[in-house]
Amino acid sequence: MKKLTTAAGAPVADNQNTKTAGPRGPALLEDVWLIEKLAHFDREVIPERRMHAKGAGAFGTFTVTRDITQYTKARIFSEVGKQTPMLIRFSTVAGERGAADAERDIRGVAMKFYTEQGNWDLVGNNTPVFFFRDPLKFPDLNHAVKRDPRTGMRSAQNNWEFWTGLPEALHQVTIVMSDRGIPVGFRNMHLFGSHTFSFINADNERFWVKFTFKTKQGIKNYTDAEAGAVIAGDRESSQRDLFEAIENGDFPRWTAYVQIMPESEANTYRINPFDLTKVWPHGDYPLIEFGEIELNRNPENFFAEIEQAAFTPANVVPGIGFSPDKMLQARLFSYGDAQRYRLGVNHHQIPVNAPKCPFHSYHRDGAMRVDGNHGRITGNEPNAQGEWQEQPDFREPPLAIDGAADRWDHRVDEDYFSQPGNLFRLMNDEQKQQLFDNTARAISGVTPEIQQRHIDHCTQADPAYGAGVAAAIKALG
Ligand code: HEM
């Protein structure tokens, strides 16, 4: 066992009794150990993530199970059987860091693959779509689902006023209000990259891709009543479920699939493939299996390895790229920016965030630089020593883009109702009734105009959807 010292390494002789003037006090300012202890304690809380603040995570392995090298040159996929270490952080969205897990909400799924070419982060959700497709609305969404400025309480009125103001939200709202809206645990849900990304192969051909990870533990969900009972007894139900399963050697697994669209088909496909409120039906673009994820190691220290973990969609590796999806484009900025605020400009050096492969980035200085700061190596490029050379072999092929710059209104002539309608028609009667009842409970107390706006959207998706929600709201009184 190691003996206690101060942060400066001096022995701590007494960690039980404050130094006082006489046995009854007062305390002496020269008790520098007391002062060091309190000062550190006062700074132990760092800002929580603005959303997805409540989460849990674990480490594991990604294994390639099928050859997809015809689509991507990313070395993580270079051969069947290849394994890459990874981290996943799961989360809810609206709740703060102390929120209960078993809430009706989207679940976030942030993956970090420590590949031999750098870190690849896939920062998705347990749903394949999102509430909207324009990043300008993202702060509004979070203001609507988080706390009301006056009351400091969550507000169904704000929530539904926002959602029903956007017809494109119905697809995501339908999923959240469905029987899949409260997963029993993080192990019991599918995971999605949600956006369209790109693959680039060794011949520099580009493909548009979407990622899906299907749970091997089976889909399991709570009803509203079950979730209420769970929360009464355990606010950490999903976190505990994940932690205990891994401690017991019952490692959760997901099968990884990708949908692949050749680059040129984006122009002719009947659905805008860069619209985050829509899926690509599997009949059009089938799921191609390519790997398996297994989570098999709990963090040793939650704060160091999960709270300080920084995921960003901007982290891609050669062979995996972005797409014109403007939501994704905004996220490429927002995550690193949030992390520079939340963790500091040198957060890449925190061990959980650092690549596991050799890396040689030439940023300098900044708060909390702890790696030697590249010593005497020159900080400018190009330079006579040939330091910091760029790597042109990894250039992406050019992407043809055209069009006039404008604030294009994507709600004109756009069909936002067919896909939620199709989802509704896939549900059995019991699932439909759950959707109606969950919606009615969630929207109860909201002004009648907003309730009607939602019913109208549901009706456009399917008349039976609208009628069912209207009847359930009426029945609730
Ligand atoms: C967390 C921004 C849309 C999934 C965050 C964070 C920000 C952010 C700033 C906190 C990051 C941190 O402090 O480390 C945005 C913006 C969006 C957007 C601006 C749209 C314009 C989405 C979408 C998804 C998503 C569409 C899923 C498909 C997540 C997840 C986290 C997160 C999973 C938690 C990451 C973690 O576990 O550390 N988002 N987000 N976000 N976001 Fe988004």
# chains A, B, ... in the order shown; residues from 1 in each chain; ligands from 1

call {"tool": "residues_near_ligand", "arguments": {"ligand": "ligand 1", "cutoff": "7 Å", "atoms": "only C-alpha atoms and all ligand atoms", "output": "PyMOL selection string"}}
result
chain A and resi 48-52+55+89-91+108-110+123-125+130+134-136+138+193-195+309-311+327-328+330-331+334-335+338-339+342

call {"tool": "closest_atom_pairs", "arguments": {"of": "stretch 256-306 of chain A", "to": "stretch 148-169 of chain A", "cutoff": "12 Å", "atoms": "only C-alpha atoms", "output": "JSON lines"}}
result
{"residue": "A:Asp275", "atom": "CA", "partner": "A:Glu168", "partner_atom": "CA", "distance": 9.9}
{"residue": "A:Leu276", "atom": "CA", "partner": "A:Glu168", "partner_atom": "CA", "distance": 9.6}
{"residue": "A:Thr277", "atom": "CA", "partner": "A:Glu168", "partner_atom": "CA", "distance": 6.4}
{"residue": "A:Lys278", "atom": "CA", "partner": "A:Glu168", "partner_atom": "CA", "distance": 9.0}

call {"tool": "write_last_selection", "arguments": {"atoms": "C-alpha atoms", "output": "PDB file, in the first residue's frame"}}
result
ATOM      1  CA  ASP A 275     -31.948  13.687 -45.076  1.00  0.00           C
ATOM      2  CA  LEU A 276     -31.479  12.571 -41.451  1.00  0.00           C
ATOM      3  CA  THR A 277     -35.240  12.275 -40.891  1.00  0.00           C
ATOM      4  CA  LYS A 278     -35.476   9.366 -43.331  1.00  0.00           C
TER       5      LYS A 278
END

call {"tool": "select_by_dssp", "arguments": {"residues": "stretch 74-187 of chain A", "states": "strand (DSSP E or B)", "output": "PyMOL selection string"}}
result
chain A and resi 83-92+107-116+118-125+147+154+183

call {"tool": "residues_around", "arguments": {"residues": "stretch 412-415 of chain A", "least_positions_apart": "3", "cutoff": "10 Å", "atoms": "only C-alpha atoms", "output": "list in words"}}
result
Pro167, Glu168, Ile271, Asn272, Lys278, Trp408, Asp409, Ser418, Gln419 and Ala461 of chain A

call {"tool": "select_by_dssp", "arguments": {"residues": "stretch 14-78 of chain A", "states": "alpha helix (DSSP H)", "output": "PyMOL selection string"}}
result
chain A and resi 32-42

call {"tool": "closest_residue", "arguments": {"among": "A:Val176, A:Ile76, A:Ala94, A:Ile350", "to": "A:Phe113", "atoms": "only C-alpha atoms"}}
result
A:Ile76

call {"tool": "closest_residue", "arguments": {"among": "A:Val345, A:Met177, A:Ala405, A:Ile293", "to": "A:Asp365", "atoms": "only C-alpha atoms"}}
result
A:Val345

call {"tool": "residues_around", "arguments": {"residues": "stretch 438-442 of chain A", "least_positions_apart": "4", "cutoff": "9 Å", "atoms": "only C-alpha atoms", "output": "list in words"}}
result
Ala156, Trp160, Thr174, Met177, Ser178, Asp179, Thr223, Asp224, Gln433, Gln434, Val446, Val469, Ala470, Ala471, Ala472, Ile473, Lys474, Ala475 and Leu476 of chain A

call {"tool": "closest_residue", "arguments": {"among": "A:Ala229, A:Asn119, A:Ala314, A:Asn296", "to": "A:Pro358", "atoms": "only C-alpha atoms"}}
result
A:Asn119

call {"tool": "residues_around", "arguments": {"residues": "A:Thr459", "least_positions_apart": "4", "cutoff": "10 Å", "atoms": "only C-alpha atoms", "output": "PyMOL selection string"}}
result
chain A and resi 417+421+453-455+463-470

call {"tool": "closest_residue", "arguments": {"among": "A:Gln460, A:Asn346, A:Thr65, A:Gln385", "to": "A:Met368", "atoms": "only C-alpha atoms"}}
result
A:Asn346

call {"tool": "atom_distance", "arguments": {"atom1": "atom CA of A:Ser361", "atom2": "atom CA of A:Gln389"}}
result
10.5 Å

call {"tool": "closest_residue", "arguments": {"among": "A:Val32, A:Arg407, A:Phe359, A:Asp203", "to": "A:Trp388", "atoms": "only C-alpha atoms"}}
result
A:Phe359

call {"tool": "residues_around", "arguments": {"residues": "stretch 370-378 of chain A", "least_positions_apart": "6", "cutoff": "8 Å", "atoms": "only C-alpha atoms", "output": "list in words"}}
result
Gln349, Tyr362, Arg364 and Glu387 of chain A

call {"tool": "atom_distance", "arguments": {"atom1": "atom CA of A:Arg253", "atom2": "atom CA of A:Thr215"}}
result
6.3 Å

call {"tool": "atom_distance", "arguments": {"atom1": "atom CA of A:Leu399", "atom2": "atom CA of A:Phe132"}}
result
24.7 Å

call {"tool": "closest_residue", "arguments": {"among": "A:Arg66, A:Arg340, A:Lys54, A:Arg180", "to": "A:Tyr257", "atoms": "only C-alpha atoms"}}
result
A:Arg66

call {"tool": "closest_atom_pairs", "arguments": {"of": "stretch 33-105 of chain A", "to": "stretch 285-290 of chain A", "cutoff": "10 Å", "atoms": "only C-alpha atoms", "output": "JSON lines"}}
result
{"residue": "A:Thr63", "atom": "CA", "partner": "A:Phe290", "partner_atom": "CA", "distance": 8.6}
{"residue": "A:Val64", "atom": "CA", "partner": "A:Phe290", "partner_atom": "CA", "distance": 5.9}
{"residue": "A:Thr65", "atom": "CA", "partner": "A:Phe290", "partner_atom": "CA", "distance": 5.3}
{"residue": "A:Arg66", "atom": "CA", "partner": "A:Phe290", "partner_atom": "CA", "distance": 4.5}
{"residue": "A:Asp67", "atom": "CA", "partner": "A:Phe290", "partner_atom": "CA", "distance": 6.7}
{"residue": "A:Ile68", "atom": "CA", "partner": "A:Phe290", "partner_atom": "CA", "distance": 6.7}
{"residue": "A:Phe77", "atom": "CA", "partner": "A:Phe290", "partner_atom": "CA", "distance": 8.4}
{"residue": "A:Val80", "atom": "CA", "partner": "A:Phe290", "partner_atom": "CA", "distance": 8.7}

call {"tool": "write_last_selection", "arguments": {"atoms": "N, CA and C atoms", "output": "PDB file, in the first residue's frame"}}
result
ATOM      1  N   THR A  63     -14.607  -6.796 -34.207  1.00  0.00           N
ATOM      2  CA  THR A  63     -14.018  -7.857 -35.024  1.00  0.00           C
ATOM      3  C   THR A  63     -14.648  -7.840 -36.411  1.00  0.00           C
ATOM      4  N   VAL A  64     -13.829  -7.876 -37.443  1.00  0.00           N
ATOM      5  CA  VAL A  64     -14.349  -7.961 -38.817  1.00  0.00           C
ATOM      6  C   VAL A  64     -14.825  -9.388 -39.074  1.00  0.00           C
ATOM      7  N   THR A  65     -16.071  -9.520 -39.547  1.00  0.00           N
ATOM      8  CA  THR A  65     -16.597 -10.865 -39.821  1.00  0.00           C
ATOM      9  C   THR A  65     -16.807 -11.112 -41.311  1.00  0.00           C
ATOM     10  N   ARG A  66     -16.861 -10.052 -42.130  1.00  0.00           N
ATOM     11  CA  ARG A  66     -17.049 -10.208 -43.585  1.00  0.00           C
ATOM     12  C   ARG A  66     -16.162  -9.186 -44.291  1.00  0.00           C
ATOM     13  N   ASP A  67     -15.737  -9.549 -45.471  1.00  0.00           N
ATOM     14  CA  ASP A  67     -14.833  -8.689 -46.233  1.00  0.00           C
ATOM     15  C   ASP A  67     -15.618  -7.543 -46.892  1.00  0.00           C
ATOM     16  N   ILE A  68     -15.292  -6.316 -46.556  1.00  0.00           N
ATOM     17  CA  ILE A  68     -15.918  -5.168 -47.242  1.00  0.00           C
ATOM     18  C   ILE A  68     -14.838  -4.284 -47.884  1.00  0.00           C
ATOM     19  N   PHE A  77     -10.801  -2.488 -41.436  1.00  0.00           N
ATOM     20  CA  PHE A  77     -11.577  -3.547 -42.104  1.00  0.00           C
ATOM     21  C   PHE A  77     -10.708  -4.420 -43.009  1.00  0.00           C
ATOM     22  N   VAL A  80     -10.691 -10.259 -42.598  1.00  0.00           N
ATOM     23  CA  VAL A  80     -11.674 -10.927 -41.749  1.00  0.00           C
ATOM     24  C   VAL A  80     -10.956 -11.476 -40.514  1.00  0.00           C
TER      25      VAL A  80
END
